[in-house]
file query35.cif (mmCIF, C-alpha atoms and all ligand atoms)
data_work
loop_
_atom_site.label_atom_id
_atom_site.label_comp_id
_atom_site.auth_asym_id
_atom_site.auth_seq_id
_atom_site.Cartn_x
_atom_site.Cartn_y
_atom_site.Cartn_z
CA MET A 1 104.39 9.99 37.24
CA THR A 2 102.37 9.63 34.04
CA ASN A 3 99.90 12.08 32.57
CA ARG A 4 96.91 9.94 33.63
CA GLY A 5 95.32 9.64 37.03
CA GLY A 6 92.13 8.36 38.61
CA ILE A 7 89.11 9.87 40.33
CA ILE A 8 86.34 8.22 42.31
CA THR A 9 83.02 8.72 40.52
CA GLY A 10 80.75 6.25 42.33
CA TRP A 11 80.47 4.57 45.69
CA GLY A 12 78.14 2.21 47.51
CA VAL A 13 77.84 0.04 50.61
CA SER A 14 76.10 -3.06 51.82
CA LEU A 15 75.36 -4.44 55.31
CA PRO A 16 73.72 -7.69 56.36
CA ASP A 17 70.21 -7.24 57.80
CA ARG A 18 70.93 -8.86 61.15
CA ILE A 19 71.86 -6.36 63.87
CA VAL A 20 73.74 -7.85 66.81
CA THR A 21 73.75 -5.63 69.91
CA ASN A 22 76.22 -5.81 72.78
CA ASP A 23 73.38 -6.93 75.05
CA GLU A 24 72.69 -9.86 72.72
CA LEU A 25 76.36 -10.92 72.92
CA ALA A 26 76.28 -10.61 76.72
CA LYS A 27 73.64 -13.36 76.80
CA THR A 28 76.15 -15.97 75.61
CA LEU A 29 79.53 -14.43 76.50
CA ASP A 30 81.02 -13.23 79.79
CA THR A 31 80.93 -9.59 78.69
CA SER A 32 78.76 -6.48 78.95
CA ASP A 33 77.57 -3.54 76.89
CA ALA A 34 79.54 -1.22 79.20
CA TRP A 35 82.83 -3.15 78.76
CA ILE A 36 82.53 -3.34 74.97
CA GLN A 37 81.63 0.34 74.59
CA GLU A 38 84.33 1.53 76.98
CA ARG A 39 87.14 -0.55 75.41
CA SER A 40 86.15 -0.37 71.75
CA GLY A 41 83.34 2.17 71.21
CA ILE A 42 81.24 -0.52 69.52
CA ARG A 43 77.48 -0.48 70.24
CA GLU A 44 76.24 -2.87 67.60
CA ARG A 45 77.39 -4.68 64.49
CA ARG A 46 75.93 -6.66 61.56
CA TRP A 47 76.47 -10.35 60.92
CA GLY A 48 75.45 -12.37 57.88
CA GLY A 49 75.73 -12.90 54.14
CA THR A 50 78.71 -13.95 52.08
CA VAL A 51 81.68 -11.88 50.94
CA ALA A 52 80.40 -12.17 47.36
CA SER A 53 76.78 -11.23 48.12
CA LEU A 54 77.78 -8.13 50.12
CA ALA A 55 80.35 -7.16 47.46
CA ILE A 56 77.81 -7.54 44.65
CA ALA A 57 75.30 -5.31 46.44
CA ALA A 58 77.91 -2.62 47.22
CA GLY A 59 79.42 -2.85 43.72
CA SER A 60 76.01 -2.54 42.10
CA ALA A 61 75.24 0.60 44.15
CA ALA A 62 78.61 2.11 43.21
CA LEU A 63 78.04 1.46 39.50
CA GLN A 64 74.62 3.06 39.71
CA LYS A 65 76.00 6.16 41.42
CA ALA A 66 78.72 6.45 38.76
CA GLY A 67 76.07 6.16 36.06
CA LEU A 68 77.80 3.12 34.57
CA VAL A 69 76.72 -0.36 33.47
CA PRO A 70 78.73 -3.48 34.39
CA THR A 71 80.25 -3.85 30.93
CA ASP A 72 81.86 -0.40 31.29
CA ILE A 73 84.24 -1.77 33.94
CA ASP A 74 87.76 -2.80 32.80
CA LEU A 75 88.97 -4.44 36.03
CA LEU A 76 87.66 -5.66 39.40
CA VAL A 77 89.92 -5.51 42.47
CA LEU A 78 88.36 -7.12 45.55
CA ALA A 79 89.98 -6.71 48.96
CA THR A 80 89.00 -9.35 51.49
CA SER A 81 90.52 -11.17 54.47
CA ALA A 82 87.84 -13.87 54.54
CA PRO A 83 87.25 -15.10 50.96
CA ASP A 84 84.24 -17.35 50.46
CA GLN A 85 86.55 -20.10 49.12
CA THR A 86 90.31 -20.60 49.13
CA PHE A 87 90.02 -20.60 45.36
CA PRO A 88 88.71 -19.43 42.99
CA GLY A 89 89.05 -15.88 44.24
CA THR A 90 85.78 -14.39 45.46
CA SER A 91 86.25 -11.83 42.67
CA ALA A 92 85.10 -14.58 40.27
CA THR A 93 81.71 -14.88 41.99
CA VAL A 94 81.43 -11.08 42.12
CA GLN A 95 82.25 -10.81 38.40
CA GLU A 96 79.49 -13.28 37.58
CA GLY A 97 76.98 -11.71 39.97
CA LEU A 98 77.51 -8.19 38.65
CA GLY A 99 77.80 -9.24 35.00
CA LEU A 100 81.25 -7.66 34.56
CA ARG A 101 83.30 -8.49 31.46
CA CYS A 102 86.85 -7.87 32.56
CA GLY A 103 89.71 -9.21 34.66
CA GLY A 104 89.36 -9.56 38.39
CA PHE A 105 91.42 -10.64 41.37
CA ASP A 106 91.44 -10.67 45.16
CA VAL A 107 93.82 -8.62 47.32
CA GLN A 108 94.68 -9.95 50.79
CA ALA A 109 96.29 -7.38 53.06
CA ALA A 110 93.91 -7.82 56.03
CA CYS A 111 92.46 -4.55 57.33
CA SER A 112 94.87 -2.55 55.17
CA GLY A 113 93.42 -4.24 52.08
CA PHE A 114 91.19 -1.50 50.76
CA VAL A 115 93.94 1.11 50.43
CA TYR A 116 96.21 -1.55 48.88
CA ALA A 117 93.41 -2.26 46.35
CA LEU A 118 92.74 1.42 45.72
CA THR A 119 96.37 2.23 44.97
CA THR A 120 96.64 -0.91 42.79
CA ALA A 121 93.62 0.34 40.83
CA HIS A 122 95.27 3.72 40.30
CA GLY A 123 98.29 1.92 38.87
CA PHE A 124 96.10 0.15 36.31
CA LEU A 125 94.46 3.44 35.34
CA GLU A 126 97.92 4.89 34.74
CA LEU A 127 98.66 1.83 32.58
CA GLY A 128 95.70 2.65 30.32
CA LEU A 129 92.52 1.14 31.77
CA GLN A 130 89.52 3.50 31.89
CA ARG A 131 87.39 2.25 34.78
CA VAL A 132 88.18 0.03 37.74
CA LEU A 133 85.77 -1.23 40.40
CA VAL A 134 87.40 -1.54 43.84
CA ILE A 135 85.52 -3.35 46.61
CA GLY A 136 86.30 -4.19 50.22
CA SER A 137 84.05 -6.96 51.51
CA GLU A 138 84.22 -9.05 54.67
CA VAL A 139 82.24 -11.71 56.50
CA LEU A 140 84.39 -11.94 59.60
CA SER A 141 81.55 -13.51 61.62
CA LYS A 142 82.51 -16.86 60.10
CA ILE A 143 86.19 -16.72 61.08
CA PHE A 144 86.15 -15.98 64.81
CA ASP A 145 85.15 -18.28 67.64
CA PRO A 146 81.67 -17.10 68.72
CA MET A 147 82.55 -18.17 72.27
CA ASP A 148 85.81 -16.15 72.41
CA ARG A 149 84.89 -12.82 73.99
CA THR A 150 88.22 -11.24 73.08
CA THR A 151 87.40 -11.33 69.34
CA ALA A 152 83.65 -12.01 68.99
CA VAL A 153 82.68 -8.58 70.31
CA LEU A 154 84.90 -6.74 67.79
CA PHE A 155 84.58 -8.24 64.31
CA ALA A 156 81.68 -7.99 61.86
CA ASP A 157 80.47 -8.02 58.27
CA ALA A 158 80.05 -5.32 55.57
CA ALA A 159 81.11 -4.20 52.10
CA GLY A 160 82.00 -0.89 50.47
CA ALA A 161 82.78 -0.20 46.83
CA MET A 162 84.30 2.61 44.75
CA VAL A 163 84.34 3.17 40.98
CA LEU A 164 87.55 4.81 39.74
CA GLU A 165 87.74 6.44 36.32
CA ALA A 166 90.81 7.63 34.44
CA VAL A 167 91.32 11.35 33.91
CA PRO A 168 94.09 13.33 32.25
CA GLY A 169 96.54 14.79 34.74
CA GLU A 170 97.33 13.68 38.26
CA GLY A 171 93.82 12.68 39.40
CA GLN A 172 92.88 12.41 43.05
CA LEU A 173 95.72 10.36 44.47
CA LEU A 174 98.41 12.73 45.77
CA GLY A 175 100.53 10.24 47.71
CA PHE A 176 100.43 6.86 49.41
CA ASP A 177 102.32 4.51 51.70
CA LEU A 178 102.08 0.70 51.89
CA GLY A 179 103.91 -1.46 54.41
CA VAL A 180 104.17 -4.93 55.89
CA ASP A 181 106.20 -6.27 58.82
CA GLY A 182 106.00 -10.06 58.93
CA SER A 183 107.91 -10.22 62.21
CA ALA A 184 104.58 -9.28 63.85
CA LYS A 185 102.52 -12.04 62.16
CA HIS A 186 101.98 -13.77 65.48
CA ILE A 187 100.00 -10.95 67.14
CA LEU A 188 96.99 -11.31 64.83
CA TYR A 189 96.39 -14.33 62.61
CA LYS A 190 94.02 -17.05 61.50
CA ASP A 191 95.38 -20.45 60.48
CA ASN A 192 93.55 -22.34 57.71
CA ASP A 193 91.76 -24.61 60.14
CA GLY A 194 91.44 -22.28 63.14
CA PHE A 195 89.78 -19.11 64.38
CA VAL A 196 91.17 -15.57 64.61
CA ARG A 197 93.78 -15.21 67.36
CA MET A 198 94.82 -11.79 68.63
CA GLU A 199 97.11 -10.23 71.24
CA GLY A 200 94.82 -7.24 71.74
CA LYS A 201 97.19 -4.98 73.70
CA GLU A 202 100.08 -5.47 71.29
CA VAL A 203 97.83 -4.88 68.27
CA TYR A 204 96.58 -1.71 69.92
CA ARG A 205 100.09 -0.41 70.60
CA ARG A 206 101.39 -1.11 67.10
CA ALA A 207 98.18 0.05 65.38
CA VAL A 208 98.41 3.56 66.80
CA ARG A 209 102.08 3.82 65.87
CA ALA A 210 101.53 2.47 62.33
CA MET A 211 98.60 4.79 61.64
CA VAL A 212 100.51 7.86 62.78
CA GLU A 213 103.77 7.00 61.00
CA SER A 214 102.12 5.92 57.75
CA SER A 215 99.94 9.06 57.72
CA LYS A 216 103.06 11.22 58.10
CA VAL A 217 104.86 9.42 55.25
CA THR A 218 101.87 9.84 52.94
CA MET A 219 101.41 13.51 53.81
CA GLU A 220 105.08 14.17 53.13
CA ARG A 221 104.88 12.38 49.76
CA ALA A 222 101.72 14.34 48.93
CA LYS A 223 103.41 17.61 50.03
CA LEU A 224 100.69 18.20 52.62
CA THR A 225 100.76 18.95 56.33
CA ILE A 226 98.11 17.93 58.85
CA ASP A 227 96.69 21.47 58.59
CA ASP A 228 95.91 20.77 54.91
CA ILE A 229 93.87 17.64 55.71
CA ASP A 230 90.10 18.19 55.81
CA TRP A 231 89.03 14.62 56.61
CA ILE A 232 90.65 11.48 57.94
CA VAL A 233 88.87 8.24 57.08
CA PRO A 234 90.66 5.60 59.17
CA HIS A 235 90.21 1.85 59.37
CA GLN A 236 87.50 1.32 61.98
CA ALA A 237 89.02 -1.18 64.42
CA ASN A 238 88.44 0.51 67.72
CA LEU A 239 87.39 4.04 68.69
CA ARG A 240 90.23 4.32 71.21
CA ILE A 241 92.82 3.51 68.54
CA ILE A 242 91.32 6.14 66.22
CA ASP A 243 91.21 8.71 69.04
CA ALA A 244 94.81 8.01 70.09
CA ALA A 245 96.04 8.30 66.49
CA CYS A 246 94.16 11.58 65.94
CA GLN A 247 95.59 13.01 69.15
CA ARG A 248 99.13 12.17 68.09
CA LEU A 249 98.50 13.68 64.66
CA HIS A 250 96.93 16.78 66.28
CA PHE A 251 93.77 16.25 64.23
CA PRO A 252 90.24 16.95 65.54
CA MET A 253 88.02 13.89 66.01
CA ASP A 254 85.00 15.72 64.59
CA ARG A 255 86.65 15.68 61.16
CA CYS A 256 87.56 12.02 61.47
CA SER A 257 85.07 9.49 60.16
CA GLN A 258 83.68 7.25 62.92
CA THR A 259 81.45 4.30 62.10
CA VAL A 260 82.87 1.53 64.29
CA GLN A 261 80.14 2.23 66.85
CA TRP A 262 77.51 0.92 64.42
CA ILE A 263 79.31 -1.64 62.30
CA GLY A 264 82.16 -2.99 64.46
CA ASN A 265 85.50 -3.90 62.89
CA THR A 266 84.81 -4.88 59.27
CA SER A 267 88.45 -5.03 58.15
CA SER A 268 88.90 -4.03 54.49
CA ALA A 269 85.26 -2.92 54.21
CA SER A 270 85.51 -0.25 56.89
CA ILE A 271 87.27 2.51 54.91
CA PRO A 272 85.03 2.37 51.80
CA TYR A 273 81.98 2.06 54.05
CA SER A 274 82.96 5.16 56.04
CA LEU A 275 84.11 7.17 53.02
CA SER A 276 80.80 6.43 51.25
CA GLY A 277 78.87 7.68 54.27
CA GLU A 278 80.82 10.94 54.46
CA LEU A 279 80.32 11.47 50.72
CA ASP A 280 76.60 10.74 50.85
CA ALA A 281 76.19 13.17 53.73
CA GLY A 282 77.96 15.89 51.71
CA ASN A 283 80.66 16.24 54.36
CA ILE A 284 83.50 15.86 51.85
CA GLN A 285 83.41 18.59 49.22
CA PRO A 286 85.38 19.13 46.00
CA GLY A 287 88.89 20.32 46.79
CA ASP A 288 88.95 18.70 50.24
CA HIS A 289 92.04 16.72 51.17
CA VAL A 290 91.12 13.29 52.52
CA LEU A 291 93.56 10.98 54.28
CA LEU A 292 92.72 7.27 54.28
CA VAL A 293 94.72 5.17 56.74
CA GLY A 294 94.56 1.54 57.79
CA PHE A 295 96.50 -1.18 59.58
CA GLY A 296 95.94 -4.87 60.10
CA ALA A 297 97.27 -8.37 60.37
CA GLY A 298 100.74 -8.86 58.94
CA MET A 299 101.24 -6.35 60.41
CA THR A 300 100.29 -4.37 57.36
CA TRP A 301 99.59 -0.68 57.07
CA SER A 302 98.47 1.58 54.26
CA SER A 303 97.52 5.20 53.74
CA ALA A 304 96.60 7.44 50.84
CA ALA A 305 96.00 11.18 50.43
CA LEU A 306 93.27 12.19 47.99
CA ARG A 307 92.18 15.60 46.77
CA TRP A 308 88.44 15.18 46.34
CA GLY A 309 87.19 16.49 43.05
CA GLY A 310 86.61 15.72 39.46
CA VAL A 311 83.28 14.61 38.14
CA VAL A 312 80.40 14.49 40.61
CA ARG A 313 77.31 13.19 38.92
CA GLU A 314 73.66 13.83 39.75
CA GLY A 315 72.86 12.36 43.16
CA GLY A 316 76.54 12.07 44.03
CA HIS A 317 76.28 14.41 46.99
CA GLY A 318 73.39 15.02 49.34
CA PRO A 319 72.50 14.21 52.93
CA ASN A 320 70.85 10.84 53.19
CA ASN A 321 72.37 9.25 56.25
CA ALA A 322 71.74 10.85 59.63
CA ARG A 323 74.75 9.16 61.25
CA PHE A 324 77.13 11.13 59.06
CA MET A 325 75.45 14.53 59.62
CA ARG A 326 77.54 17.04 61.54
N1 LIG B 1 84.31 -8.55 77.88
C1 LIG B 1 84.75 -8.46 79.14
N2 LIG B 1 86.02 -8.66 79.50
C2 LIG B 1 86.90 -8.93 78.52
C3 LIG B 1 86.52 -9.03 77.17
C4 LIG B 1 85.17 -8.83 76.87
N3 LIG B 1 84.69 -8.89 75.62
N4 LIG B 1 87.61 -9.29 76.44
C5 LIG B 1 88.65 -9.35 77.28
N5 LIG B 1 88.21 -9.14 78.54
C6 LIG B 1 88.98 -9.13 79.76
C7 LIG B 1 90.32 -9.76 79.63
O1 LIG B 1 90.22 -11.18 79.76
C8 LIG B 1 91.08 -9.14 80.77
O2 LIG B 1 90.76 -9.80 81.95
P1 LIG B 1 91.88 -10.03 83.09
O3 LIG B 1 92.29 -8.66 83.50
O4 LIG B 1 91.12 -10.78 84.13
O5 LIG B 1 92.96 -10.81 82.42
C9 LIG B 1 90.51 -7.73 80.84
O6 LIG B 1 89.25 -7.78 80.13
C10 LIG B 1 91.37 -6.68 80.19
O7 LIG B 1 91.77 -7.19 78.94
P2 LIG B 1 92.74 -6.40 78.01
O8 LIG B 1 93.01 -7.21 76.79
O9 LIG B 1 93.89 -5.92 78.83
O10 LIG B 1 91.81 -5.15 77.66
P3 LIG B 1 92.15 -3.91 76.81
O11 LIG B 1 91.86 -2.69 77.59
O12 LIG B 1 93.49 -4.01 76.17
O13 LIG B 1 91.05 -3.98 75.68
C11 LIG B 1 90.89 -4.69 73.40
C12 LIG B 1 90.99 -5.12 74.85
C13 LIG B 1 89.57 -3.95 73.19
C14 LIG B 1 90.92 -5.91 72.50
C15 LIG B 1 92.07 -3.74 73.10
O14 LIG B 1 93.28 -4.34 73.49
C16 LIG B 1 92.13 -3.39 71.67
O15 LIG B 1 91.31 -2.66 71.17
N6 LIG B 1 93.15 -3.90 70.95
C17 LIG B 1 93.21 -3.73 69.55
C18 LIG B 1 92.40 -4.81 68.98
C19 LIG B 1 91.93 -4.51 67.63
O16 LIG B 1 91.54 -3.41 67.32
N7 LIG B 1 91.97 -5.56 66.84
C20 LIG B 1 91.58 -5.55 65.56
C21 LIG B 1 92.39 -4.58 64.87
S1 LIG B 1 93.43 -5.22 63.77
C22 LIG B 1 92.55 -5.30 62.51
O17 LIG B 1 91.58 -4.61 62.37
C23 LIG B 1 92.96 -6.30 61.60
#

call {"tool": "encode", "arguments": {"input": "query35.cif", "output": "structure tokens"}}
result
Amino acid sequence: MTNRGGIITGWGVSLPDRIVTNDELAKTLDTSDAWIQERSGIRERRWGGTVASLAIAAGSAALQKAGLVPTDIDLLVLATSAPDQTFPGTSATVQEGLGLRCGGFDVQAACSGFVYALTTAHGFLELGLQRVLVIGSEVLSKIFDPMDRTTAVLFADAAGAMVLEAVPGEGQLLGFDLGVDGSAKHILYKDNDGFVRMEGKEVYRRAVRAMVESSKVTMERAKLTIDDIDWIVPHQANLRIIDAACQRLHFPMDRCSQTVQWIGNTSSASIPYSLSGELDAGNIQPGDHVLLVGFGAGMTWSSAALRWGGVVREGGHGPNNARFMR
């Protein structure tokens, strides 16, 4: 450990305008609103935009909330599973669009990507950088087969961004866990020239196990028990997966962020999107312990325990999103 840490001082989100309901999907696919809601919890999702355009909008909102200008940022870390081009990294387009003057790179760890990016950013703060912009952005609507009902009803598009600033001392990050098991590559993948392929049941089984085990590792490293955790902000793949993981962790669902109903599975965007919503609604307060946990193709998994606190600037807290009110 060094004597520098990081805290989140700004956050922001972006969604495409186009809302796609389950009923709309049922017009072209052999599916129904009832099936989709029962199996996944999803009621609607958003499709549209590019990874860069959503990331720029979310990043801009996060900078504004942190009270910073683009030239204040020392590094951009962009998590995405569906980059706009194979190369350059989509971070290049985001750098140009936001007017950043710093280094930037993409992180690819599928749905675990945001927590990978967040912990990477903390490492750079410990190395001496002052401010890092971390974004998760996805346009998954371009990588699944719109006629494949097993994937088209689940995946969607969004972005979420966080500004991290260096502080003396340990900062917010109390512990983390990152993992990958390539022997399970075949259960969820997309080849360069193909669409997303998924063995849904196997993903489900492993996802619950990975979320529970990774959460336990992180809590142990952070010297916390589940009774110390005030909020869990999980990757939003499927409400049943989230519910099953919470049950196994003995954690109440009403303190677990749930947004999949409204945005579908947005991979690396889902955790920053959900965390931003809970922060905007004032649900997470200084001193609260927040557990972020994700899993995804690879299989990858990632979790991090944060103690919320540090600088909260004007407008940083306050109810402005009814869906997050409790
Ligand atoms: N509408 C109607 N029927 C469907 C649909 C659909 N959209 N999709 C599949 N079915 C059918 C199947 O073909 C199957 O029919 P059959 O019995 O005639 O063969 C039946 O419904 C049951 O299918 P299952 O796959 O057994 O259904 P299950 O209860 O497992 O639910 C689901 C499927 C929702 C995909 C579930 O397995 C799941 O949530 N898995 C995890 C998937 C996931 O979260 N993936 C992304 C996470 S990973 C990440 O985020 C990177």

call {"tool": "residues_around", "arguments": {"input": "query35.cif", "residues": "Tyr204 in chain A", "least_positions_apart": "5", "cutoff": "10 Å", "atoms": "all atoms listed in the file", "output": "PDB file with C-alpha atoms, keeping the file's coordinate frame"}}
result
ATOM      1  CA  GLU A 199      97.110 -10.230  71.240  1.00  0.00           C
ATOM      2  CA  ARG A 209     102.080   3.820  65.870  1.00  0.00           C
ATOM      3  CA  ALA A 210     101.530   2.470  62.330  1.00  0.00           C
ATOM      4  CA  ALA A 237      89.020  -1.180  64.420  1.00  0.00           C
ATOM      5  CA  ASN A 238      88.440   0.510  67.720  1.00  0.00           C
ATOM      6  CA  ARG A 240      90.230   4.320  71.210  1.00  0.00           C
ATOM      7  CA  ILE A 241      92.820   3.510  68.540  1.00  0.00           C
ATOM      8  CA  ALA A 244      94.810   8.010  70.090  1.00  0.00           C
TER       9      ALA A 244
END

call {"tool": "axis_aligned_box", "arguments": {"input": "query35.cif", "around": "ligand LIG 1 (chain B)", "padding_each_side": "3 Å", "output": "JSON"}}
result
{"center_x": 89.1, "center_y": -6.9, "center_z": 72.9, "size_x": 15.6, "size_y": 14.5, "size_z": 28.5}

call {"tool": "residues_near_ligand", "arguments": {"input": "query35.cif", "ligand": "ligand LIG 1 (chain B)", "cutoff": "7 Å", "atoms": "all atoms listed in the file", "output": "VMD selection string"}}
result
chain A and resid 30 to 32 35 to 36 39 to 40 110 to 111 149 to 150 153 200 to 201 203 to 204 237 to 238 241 265 267 295 to 297

call {"tool": "closest_atom_pairs", "arguments": {"input": "query35.cif", "of": "range 4-26 of chain A", "to": "range 135-140 of chain A", "cutoff": "10 Å", "atoms": "only C-alpha atoms", "output": "CSV"}}
result
residue,atom,partner,partner_atom,distance
A:Trp11,CA,A:Ile135,CA,9.4
A:Gly12,CA,A:Ile135,CA,9.3
A:Val13,CA,A:Ile135,CA,9.3
A:Ser14,CA,A:Ser137,CA,8.9
A:Leu15,CA,A:Ser137,CA,9.8
A:Pro16,CA,A:Val139,CA,9.4

call {"tool": "atom_distance", "arguments": {"input": "query35.cif", "atom1": "CA of Ile42 in chain A", "atom2": "CA of Asp230 in chain A"}}
result
24.8 Å
